[in-house]
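Asker: My structure is in run_5.txt, and what it holds is compact mmCIF, C-alpha atoms:
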# COMPACT_ATOMS: atom_id res chain seq x y z
CA MET L 1 -32.14 -26.41 61.35
CA SER L 2 -35.72 -25.50 61.82
CA GLY L 3 -38.22 -26.31 59.07
CA ILE L 4 -38.50 -22.68 57.83
CA ARG L 5 -34.75 -22.18 57.67
CA TRP L 6 -34.33 -25.45 55.80
CA LYS L 7 -36.94 -24.41 53.21
CA ILE L 8 -35.28 -21.00 52.75
CA TYR L 9 -31.88 -22.66 52.40
CA LYS L 10 -33.25 -25.15 49.86
CA ILE L 11 -34.97 -22.39 47.84
CA ASN L 12 -31.78 -20.26 47.82
CA TYR L 13 -29.66 -23.28 46.85
CA ASN L 14 -31.98 -24.18 43.96
CA LEU L 15 -32.12 -20.56 42.80
CA ILE L 16 -28.35 -20.17 42.87
CA ASN L 17 -27.96 -23.50 41.08
CA LYS L 18 -30.34 -22.40 38.27
CA ILE L 19 -28.56 -19.05 37.92
CA MET L 20 -25.15 -20.76 37.69
CA LYS L 21 -26.43 -23.13 35.00
CA LYS L 22 -27.73 -20.17 32.97
CA ILE L 23 -24.44 -18.31 33.37
CA MET L 24 -22.47 -21.38 32.26
CA THR L 25 -24.75 -21.77 29.23
CA ILE L 26 -24.29 -18.12 28.27
CA VAL L 27 -20.50 -18.38 28.65
CA ALA L 28 -20.43 -21.52 26.48
CA VAL L 29 -22.51 -19.82 23.77
CA LEU L 30 -20.25 -16.75 23.83
CA MET L 31 -17.16 -18.93 23.48
CA ILE L 32 -18.69 -20.77 20.52
CA VAL L 33 -19.64 -17.49 18.84
CA ALA L 34 -16.11 -16.11 19.35
CA ALA L 35 -14.58 -19.28 17.91
CA ALA L 36 -16.95 -19.17 14.94
CA GLN L 37 -15.95 -15.58 14.19
CA ALA L 38 -12.26 -16.47 14.24
CA GLN L 39 -12.85 -19.50 12.02
CA THR L 40 -14.90 -17.56 9.48
CA LEU L 41 -11.93 -15.59 8.17
CA GLN L 42 -9.68 -18.65 8.30
CA SER L 43 -12.28 -20.75 6.47
CA PHE L 44 -12.45 -18.07 3.74
CA PHE L 45 -8.69 -18.41 3.16
CA ASP L 46 -8.91 -22.21 3.40
CA LYS L 47 -11.69 -22.27 0.80
CA TYR L 48 -9.97 -20.07 -1.77
CA GLY L 49 -6.29 -20.53 -0.90
CA ASN L 50 -6.20 -24.00 -2.45
CA ASP L 51 -8.13 -22.96 -5.57
CA GLU L 52 -5.73 -22.75 -8.53
CA ARG L 53 -7.58 -19.74 -9.96
CA PHE L 54 -6.23 -17.67 -7.05
CA GLU L 55 -2.74 -16.54 -6.12
CA TYR L 56 -2.06 -17.23 -2.45
CA VAL L 57 0.85 -16.25 -0.22
CA SER L 58 1.16 -16.94 3.51
CA VAL L 59 4.02 -15.48 5.54
CA GLY L 60 4.45 -16.85 9.06
CA LYS L 61 6.13 -15.44 12.13
CA GLY L 62 9.45 -17.15 11.40
CA MET L 63 9.80 -15.60 7.94
CA MET L 64 8.88 -12.16 9.29
CA ASN L 65 11.57 -12.51 11.96
CA MET L 66 14.12 -13.37 9.27
CA ALA L 67 12.99 -10.36 7.23
CA ASN L 68 13.56 -8.18 10.30
CA VAL L 69 17.08 -9.52 10.77
CA PHE L 70 18.19 -9.28 7.14
CA GLY L 71 15.84 -6.63 5.77
CA GLY L 72 17.41 -3.50 7.20
CA ASN L 73 14.00 -1.82 7.52
CA ALA L 74 13.44 1.30 9.55
CA LYS L 75 12.98 0.86 13.30
CA ASN L 76 9.22 1.57 13.15
CA ASN L 77 8.69 -1.11 10.49
CA ASN L 78 10.74 -3.61 12.53
CA GLU L 79 8.63 -2.92 15.62
CA MET L 80 5.43 -3.36 13.63
CA MET L 81 6.67 -6.55 11.96
CA SER L 82 7.72 -8.02 15.33
CA LYS L 83 4.12 -7.73 16.56
CA MET L 84 2.68 -9.60 13.57
CA ARG L 85 2.02 -13.33 13.71
CA SER L 86 1.05 -13.88 10.10
CA ILE L 87 0.25 -12.19 6.81
CA LYS L 88 -1.88 -13.89 4.18
CA ILE L 89 -2.49 -12.56 0.69
CA LEU L 90 -5.16 -13.82 -1.68
CA SER L 91 -5.60 -12.47 -5.23
CA LEU L 92 -7.96 -13.25 -8.08
CA ASN L 93 -7.83 -12.01 -11.65
CA ALA L 94 -11.26 -12.53 -13.22
CA ASP L 95 -13.98 -10.54 -14.93
CA ALA L 96 -15.89 -8.43 -12.39
CA THR L 97 -19.18 -9.88 -13.63
CA SER L 98 -18.06 -13.52 -13.47
CA PRO L 99 -19.89 -15.82 -11.04
CA LEU L 100 -16.60 -16.59 -9.25
CA MET L 101 -15.81 -12.91 -8.63
CA LYS L 102 -19.35 -12.24 -7.42
CA THR L 103 -19.19 -15.22 -5.05
CA VAL L 104 -15.81 -14.19 -3.62
CA VAL L 105 -16.92 -10.60 -3.06
CA ASN L 106 -20.16 -11.78 -1.44
CA ASP L 107 -18.26 -14.23 0.80
CA ILE L 108 -15.77 -11.62 2.05
CA ASP L 109 -18.58 -9.13 2.65
CA GLN L 110 -20.26 -11.73 4.88
CA VAL L 111 -16.99 -12.44 6.71
CA VAL L 112 -16.54 -8.73 7.43
CA SER L 113 -20.12 -8.18 8.58
CA LYS L 114 -20.25 -11.31 10.77
CA GLY L 115 -16.72 -10.93 12.11
CA ASN L 116 -17.22 -7.67 14.04
CA PHE L 117 -14.79 -5.75 11.85
CA GLU L 118 -14.73 -1.97 11.95
CA THR L 119 -13.91 0.19 8.95
CA ALA L 120 -10.64 2.10 9.28
CA VAL L 121 -10.27 3.39 5.71
CA GLU L 122 -12.50 3.38 2.67
CA ALA L 123 -11.33 4.91 -0.63
CA ARG L 124 -12.59 4.89 -4.21
CA ASP L 125 -10.71 6.24 -7.21
CA LYS L 126 -11.23 5.58 -10.94
CA GLY L 127 -12.85 2.18 -10.55
CA GLU L 128 -10.55 1.03 -7.74
CA GLN L 129 -11.86 0.49 -4.23
CA VAL L 130 -9.75 0.05 -1.12
CA HIS L 131 -11.22 -0.95 2.23
CA ILE L 132 -9.21 -1.43 5.40
CA TYR L 133 -10.95 -3.16 8.28
CA TYR L 134 -9.79 -4.10 11.76
CA ARG L 135 -11.01 -5.97 14.79
CA LEU L 136 -9.64 -6.48 18.24
CA SER L 137 -10.13 -9.77 20.06
CA GLY L 138 -9.10 -9.54 23.65
CA LYS L 139 -6.62 -7.08 25.06
CA ASP L 140 -4.01 -7.04 22.29
CA ASP L 141 -5.01 -9.51 19.59
CA ALA L 142 -5.80 -7.81 16.31
CA ASP L 143 -6.78 -8.61 12.74
CA MET L 144 -6.47 -6.19 9.84
CA LEU L 145 -7.99 -6.78 6.41
CA ILE L 146 -6.90 -4.75 3.40
CA LEU L 147 -9.30 -5.36 0.53
CA THR L 148 -8.79 -3.94 -2.97
CA LYS L 149 -11.24 -4.33 -5.82
CA GLU L 150 -10.79 -3.04 -9.32
CA LYS L 151 -11.88 -4.13 -12.77
CA GLY L 152 -10.94 -7.76 -13.06
CA GLN L 153 -8.89 -7.96 -9.86
CA PHE L 154 -9.62 -8.76 -6.22
CA SER L 155 -6.90 -8.76 -3.55
CA LEU L 156 -7.17 -9.40 0.16
CA ILE L 157 -4.40 -9.04 2.74
CA TRP L 158 -5.02 -10.43 6.23
CA ILE L 159 -2.60 -9.33 8.95
CA ASN L 160 -2.84 -10.95 12.37
CA GLY L 161 -0.81 -9.84 15.35
CA LYS L 162 -0.52 -8.76 18.94
CA MET L 163 -1.39 -5.07 18.73
CA THR L 164 -3.40 -2.73 20.84
CA LYS L 165 -5.99 -0.44 19.30
CA GLU L 166 -3.55 2.49 19.59
CA GLU L 167 -0.80 0.59 17.77
CA MET L 168 -3.23 -0.40 15.06
CA MET L 169 -4.44 3.18 14.60
CA HIS L 170 -0.81 4.31 14.38
CA THR L 171 -0.34 1.70 11.65
CA PHE L 172 -3.08 3.39 9.61
CA SER L 173 -1.62 6.86 10.10
CA ASN L 174 0.97 8.44 7.79
CA ASN L 175 3.63 7.99 10.49
CA GLY L 176 2.95 4.26 10.63
CA LYS L 177 4.01 3.83 6.98
CA MET L 178 1.34 1.18 6.36
CA SER L 179 1.30 2.06 2.66
CA ASN L 180 5.02 1.23 2.39
CA LEU L 181 4.55 -2.09 4.15
CA ILE L 182 1.57 -3.00 1.95
CA GLY L 183 3.53 -1.98 -1.13
CA ASN L 184 6.37 -4.29 -0.13
CA PHE L 185 4.01 -7.24 0.27
CA ASN L 186 2.17 -6.45 -2.97
CA ASN L 187 5.52 -6.43 -4.76
CA MET L 188 6.38 -9.74 -3.11
CA ASP L 189 2.99 -11.12 -4.17
CA GLY L 190 3.73 -10.21 -7.80
CA LYS L 191 7.10 -11.99 -7.71
CA ILE L 192 5.80 -15.27 -6.29
CA SER L 193 3.78 -17.43 -8.62
Now, as a test, write the supplied structure out as structure tokens.
Answerer:
Amino acid sequence: MSGIRWKIYKINYNLINKIMKKIMTIVAVLMIVAAAQAQTLQSFFDKYGNDERFEYVSVGKGMMNMANVFGGNAKNNNEMMSKMRSIKILSLNADATSPLMKTVVNDIDQVVSKGNFETAVEARDKGEQVHIYYRLSGKDDADMLILTKEKGQFSLIWINGKMTKEEMMHTFSNNGKMSNLIGNFNNMDGKIS
């Protein structure tokens, strides 16, 4: 190669090498941020799930499959349950002005804001607040949070599953019967202590 060609080749090689290093750094940072977002919600449940002041229920994929087999639910509920990987329920009964309640509410607000959740439903009625949030990670990986706050009680339901945005939106609609499903788990939560 002539001297000019060699210099051009060397400059192009160094430039491409620098660009690739920057791209790899950006990809690594994005992967760390995505992992941190996923861990934030899990760390919230880890932090409070072992605290004896809280009621905690975790239902895994195997138990949901058994419920499908023996439950005799409607076809739509069976389809929805088959897409879910886990359901976790965390409840606290404490005075709304207590430091513990304030800390828990502040922590979950941070999880929601940092975790790229979108609001699906927000309702307030006679001192009770219900918030339903969702987020999609990847093509069909979804998280739903159902948060209820009322005087002296805080409840959080975390549903994780393989659902598309359309399936999730159907879940929130009247046809999706989400209220029936939530009611069944709330009843289950009351029976387990």
Asker: Could you tell me how far CA of Ser113 in chain L lies from CA of Glu167 in chain L, in Å and to one decimal?
Answerer: 23.1 Å
Asker: Write out as a list in words which residues come within 12 Å of Met101 in chain L when counting all atoms listed in the file, dropping same-chain ones fewer than 3 positions away.
Answerer: Tyr48, Arg53, Phe54, Ser91, Leu92, Asn93, Ala94, Asp95, Ala96, Thr97, Ser98, Val104, Val105, Asn106, Asp107, Ile108, Lys149, Glu150, Lys151, Gly152, Gln153, Phe154 and Ser155 of chain L
Asker: I'd like to know which of L:Tyr13, L:Lys102, L:Lys18, L:Thr148 is closest to Ala123 in chain L, using only C-alpha atoms.
Answerer: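 Closest residue, counting only C-alpha atoms: L:Thr148.
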Asker: What does the distance from CA of Ile132 in chain L to CA of Met168 in chain L come to in Å, to one decimal?
Answerer: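 Here the two named atoms are 11.4 Å from each other.
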Asker: Using CA of Gln110 in chain L and CA of Asp141 in chain L as the two end points, give the distance in Å to one decimal.
Answerer: 21.3 Å
